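Undergrad: Mind having a look at this structure? Questions to follow.
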Amino acid sequence: MSPEDIIALLSVLLSAIVAVAGIVIARQSEKLRTMRKQLSEKKCEAYADAVELFYSLLKDSKSHRVTNNDKMMQKMIDIKRDIFMYGSDKVFRAFNTWLLYTTKNNDKAQFAAFLDFVLEMRKDLCNNKTRLTKQDILLNLTQSEEEVRKLNN
(Lines give C-alpha, C1' and ligand atoms only; values in the text may rest on other atoms or scores of the structure.)
Protein backbone atom coordinates (compact mmCIF):
# COMPACT_ATOMS: atom_id res chain seq x y z
CA MET A 1 0.00 0.00 0.00
CA SER A 2 1.31 3.34 -1.01
CA PRO A 3 1.42 6.32 1.36
CA GLU A 4 -1.25 8.03 -0.76
CA ASP A 5 -3.58 5.04 -0.26
CA ILE A 6 -3.00 5.07 3.50
CA ILE A 7 -3.71 8.81 3.66
CA ALA A 8 -6.90 8.35 1.59
CA LEU A 9 -8.03 5.46 3.80
CA LEU A 10 -7.29 7.43 6.98
CA SER A 11 -9.17 10.47 5.69
CA VAL A 12 -12.23 8.32 4.83
CA LEU A 13 -12.00 6.60 8.21
CA LEU A 14 -11.62 9.91 10.04
CA SER A 15 -14.59 11.37 8.14
CA ALA A 16 -16.72 8.35 9.11
CA ILE A 17 -15.70 8.68 12.78
CA VAL A 18 -16.53 12.39 12.77
CA ALA A 19 -19.91 11.72 11.13
CA VAL A 20 -20.80 8.99 13.65
CA ALA A 21 -19.66 11.19 16.54
CA GLY A 22 -21.79 14.04 15.20
CA ILE A 23 -24.86 11.80 15.04
CA VAL A 24 -24.26 10.50 18.58
CA ILE A 25 -23.79 14.02 19.95
CA ALA A 26 -26.92 15.26 18.15
CA ARG A 27 -28.99 12.41 19.62
CA GLN A 28 -27.64 13.02 23.11
CA SER A 29 -28.33 16.74 22.79
CA GLU A 30 -31.91 16.03 21.69
CA LYS A 31 -32.37 13.62 24.61
CA LEU A 32 -31.06 16.25 27.01
CA ARG A 33 -33.40 18.92 25.53
CA THR A 34 -36.34 16.54 25.89
CA MET A 35 -35.43 15.76 29.50
CA ARG A 36 -35.07 19.45 30.34
CA LYS A 37 -38.44 20.19 28.76
CA GLN A 38 -40.10 17.39 30.73
CA LEU A 39 -38.47 18.62 33.96
CA SER A 40 -39.63 22.15 33.25
CA GLU A 41 -43.19 20.94 32.66
CA LYS A 42 -43.16 18.91 35.89
CA LYS A 43 -41.77 21.90 37.77
CA CYS A 44 -44.50 24.17 36.39
CA GLU A 45 -47.16 21.64 37.39
CA ALA A 46 -45.74 21.32 40.91
CA TYR A 47 -45.57 25.08 41.39
CA ALA A 48 -49.06 25.55 39.94
CA ASP A 49 -50.44 22.90 42.31
CA ALA A 50 -48.88 24.66 45.30
CA VAL A 51 -50.36 28.01 44.31
CA GLU A 52 -53.69 26.38 43.46
CA LEU A 53 -53.88 24.86 46.96
CA PHE A 54 -53.33 28.26 48.52
CA TYR A 55 -55.93 29.93 46.31
CA SER A 56 -58.48 27.19 47.00
CA LEU A 57 -57.97 27.77 50.73
CA LEU A 58 -58.34 31.50 50.14
CA LYS A 59 -61.59 30.93 48.22
CA ASP A 60 -62.96 28.69 50.97
CA SER A 61 -62.05 31.30 53.57
CA LYS A 62 -63.59 34.20 51.66
CA SER A 63 -66.81 32.30 50.94
CA HIS A 64 -66.96 30.89 54.51
CA ARG A 65 -66.89 27.30 53.26
CA VAL A 66 -65.50 24.49 55.37
CA THR A 67 -62.27 23.14 53.92
CA ASN A 68 -62.01 19.39 53.42
CA ASN A 69 -58.91 18.73 55.55
CA ASP A 70 -58.38 15.18 54.30
CA LYS A 71 -58.43 16.29 50.68
CA MET A 72 -56.17 19.25 51.49
CA MET A 73 -53.69 17.00 53.34
CA GLN A 74 -53.53 14.57 50.40
CA LYS A 75 -52.93 17.47 48.03
CA MET A 76 -50.22 18.87 50.35
CA ILE A 77 -48.43 15.52 50.42
CA ASP A 78 -48.46 15.42 46.61
CA ILE A 79 -47.13 18.97 46.51
CA LYS A 80 -44.36 18.09 48.99
CA ARG A 81 -43.33 15.17 46.79
CA ASP A 82 -43.34 17.25 43.63
CA ILE A 83 -41.45 20.19 45.16
CA PHE A 84 -38.89 17.70 46.48
CA MET A 85 -38.52 16.06 43.07
CA TYR A 86 -38.73 19.03 40.72
CA GLY A 87 -38.29 22.27 42.66
CA SER A 88 -35.05 24.20 42.64
CA ASP A 89 -32.97 24.17 45.81
CA LYS A 90 -34.11 27.69 46.70
CA VAL A 91 -37.77 26.82 46.17
CA PHE A 92 -37.37 23.64 48.20
CA ARG A 93 -35.78 25.52 51.10
CA ALA A 94 -38.37 28.32 50.98
CA PHE A 95 -41.12 25.68 50.97
CA ASN A 96 -39.59 23.98 54.02
CA THR A 97 -39.31 27.30 55.84
CA TRP A 98 -42.97 28.03 55.14
CA LEU A 99 -43.95 24.54 56.34
CA LEU A 100 -42.05 25.11 59.58
CA TYR A 101 -43.96 28.34 60.18
CA THR A 102 -47.30 26.59 59.61
CA THR A 103 -46.73 24.71 62.87
CA LYS A 104 -46.24 27.93 64.84
CA ASN A 105 -48.87 30.42 65.92
CA ASN A 106 -47.30 33.36 64.14
CA ASP A 107 -49.56 34.16 61.20
CA LYS A 108 -47.49 37.15 60.10
CA ALA A 109 -44.25 35.14 59.94
CA GLN A 110 -46.07 32.27 58.22
CA PHE A 111 -47.47 34.61 55.59
CA ALA A 112 -44.05 36.21 55.05
CA ALA A 113 -42.54 32.73 54.57
CA PHE A 114 -45.31 31.88 52.11
CA LEU A 115 -44.57 35.05 50.13
CA ASP A 116 -40.88 34.07 50.03
CA PHE A 117 -41.88 30.63 48.75
CA VAL A 118 -44.11 32.09 46.01
CA LEU A 119 -41.43 34.59 45.01
CA GLU A 120 -38.79 31.83 44.79
CA MET A 121 -41.10 29.78 42.55
CA ARG A 122 -41.60 32.79 40.31
CA LYS A 123 -37.86 33.48 40.18
CA ASP A 124 -37.21 29.86 39.27
CA LEU A 125 -39.76 29.92 36.48
CA CYS A 126 -38.51 33.26 35.14
CA ASN A 127 -34.78 32.48 35.44
CA ASN A 128 -34.39 35.12 38.19
CA LYS A 129 -35.62 37.79 35.77
CA THR A 130 -38.80 38.60 37.63
CA ARG A 131 -39.10 42.13 38.91
CA LEU A 132 -42.00 41.36 41.20
CA THR A 133 -41.52 41.73 44.92
CA LYS A 134 -43.25 40.25 47.93
CA GLN A 135 -45.19 43.53 48.12
CA ASP A 136 -46.51 43.02 44.60
CA ILE A 137 -47.64 39.49 45.43
CA LEU A 138 -49.22 40.66 48.67
CA LEU A 139 -51.12 43.39 46.85
CA ASN A 140 -52.37 40.82 44.35
CA LEU A 141 -53.60 38.59 47.17
CA THR A 142 -55.21 41.29 49.31
CA GLN A 143 -56.28 43.72 46.58
CA SER A 144 -55.85 46.47 49.14
CA GLU A 145 -52.94 48.81 49.73
CA GLU A 146 -54.27 49.42 53.24
CA GLU A 147 -54.13 45.69 54.00
CA VAL A 148 -50.59 45.55 52.63
CA ARG A 149 -49.58 48.37 54.99
CA LYS A 150 -51.22 46.58 57.95
CA LEU A 151 -49.48 43.33 57.15
CA ASN A 152 -46.12 45.05 56.81
CA ASN A 153 -46.28 46.69 60.23
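Identifiers in this document derive from the order of the C-alpha coordinates: chains are assigned A, B, ..., residues are numbered from 1 separately in each chain, and ligands are numbered from 1 in order of occurrence.
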Using only C-alpha atoms, find each residue in region 85-140 of chain A having at least one atom no more than 10 Å away from region 50-59 of chain A; report its shortest atom-to-atom pair and that distance in Å (one decimal), rows by chain then rising number, as JSON lines.
TA:
```
{"residue": "A:Phe95", "atom": "CA", "partner": "A:Ala50", "partner_atom": "CA", "distance": 9.7}
{"residue": "A:Phe114", "atom": "CA", "partner": "A:Phe54", "partner_atom": "CA", "distance": 9.5}
{"residue": "A:Phe117", "atom": "CA", "partner": "A:Ala50", "partner_atom": "CA", "distance": 9.8}
{"residue": "A:Val118", "atom": "CA", "partner": "A:Val51", "partner_atom": "CA", "distance": 7.7}
{"residue": "A:Met121", "atom": "CA", "partner": "A:Val51", "partner_atom": "CA", "distance": 9.6}
```
Undergrad: Can you build me a table of region 71-149 of chain A residues sitting at most 12 Å from region 28-48 of chain A, with the closest atom pair per residue and its distance in Å to one decimal, using only C-alpha atoms, sorted by chain and residue number, as a Markdown table?
TA:
```
| residue | atom | partner | partner_atom | distance |
| --- | --- | --- | --- | --- |
| A:Lys75 | CA | A:Ala46 | CA | 10.8 |
| A:Met76 | CA | A:Ala46 | CA | 10.7 |
| A:Ile77 | CA | A:Ala46 | CA | 11.5 |
| A:Asp78 | CA | A:Ala46 | CA | 8.7 |
| A:Ile79 | CA | A:Ala46 | CA | 6.2 |
| A:Lys80 | CA | A:Ala46 | CA | 8.8 |
| A:Arg81 | CA | A:Ala46 | CA | 8.8 |
| A:Asp82 | CA | A:Ala46 | CA | 5.4 |
| A:Ile83 | CA | A:Ala46 | CA | 6.1 |
| A:Phe84 | CA | A:Ala46 | CA | 9.5 |
| A:Met85 | CA | A:Lys43 | CA | 8.5 |
| A:Tyr86 | CA | A:Lys43 | CA | 5.1 |
| A:Gly87 | CA | A:Lys43 | CA | 6.0 |
| A:Ser88 | CA | A:Lys43 | CA | 8.6 |
| A:Val91 | CA | A:Tyr47 | CA | 9.3 |
| A:Phe92 | CA | A:Tyr47 | CA | 10.8 |
| A:Phe95 | CA | A:Tyr47 | CA | 10.6 |
| A:Phe117 | CA | A:Tyr47 | CA | 9.9 |
| A:Val118 | CA | A:Tyr47 | CA | 8.5 |
| A:Leu119 | CA | A:Tyr47 | CA | 11.0 |
| A:Glu120 | CA | A:Tyr47 | CA | 10.2 |
| A:Met121 | CA | A:Tyr47 | CA | 6.6 |
| A:Arg122 | CA | A:Tyr47 | CA | 8.7 |
| A:Lys123 | CA | A:Tyr47 | CA | 11.5 |
| A:Asp124 | CA | A:Lys43 | CA | 9.3 |
| A:Leu125 | CA | A:Cys44 | CA | 7.5 |
| A:Cys126 | CA | A:Cys44 | CA | 11.0 |
| A:Asn127 | CA | A:Ser40 | CA | 11.6 |
```
Undergrad: So that I can check the surroundings of Ala113 (chain A), please list as a PyMOL selection string every protein, DNA and RNA residue that reaches within 7 Å of it, counting only C-alpha atoms and ignoring chain neighbours fewer than 3 positions away.
TA: chain A and resi 97-98+109-110+116-117
Undergrad: For the structure I just gave you, how does DSSP split chain A - specifically, which residues are alpha helix (DSSP H)? Reply as number ranges by chain.
TA: A: 3-62, 69-86, 89-102, 107-125, 134-142, 145-152
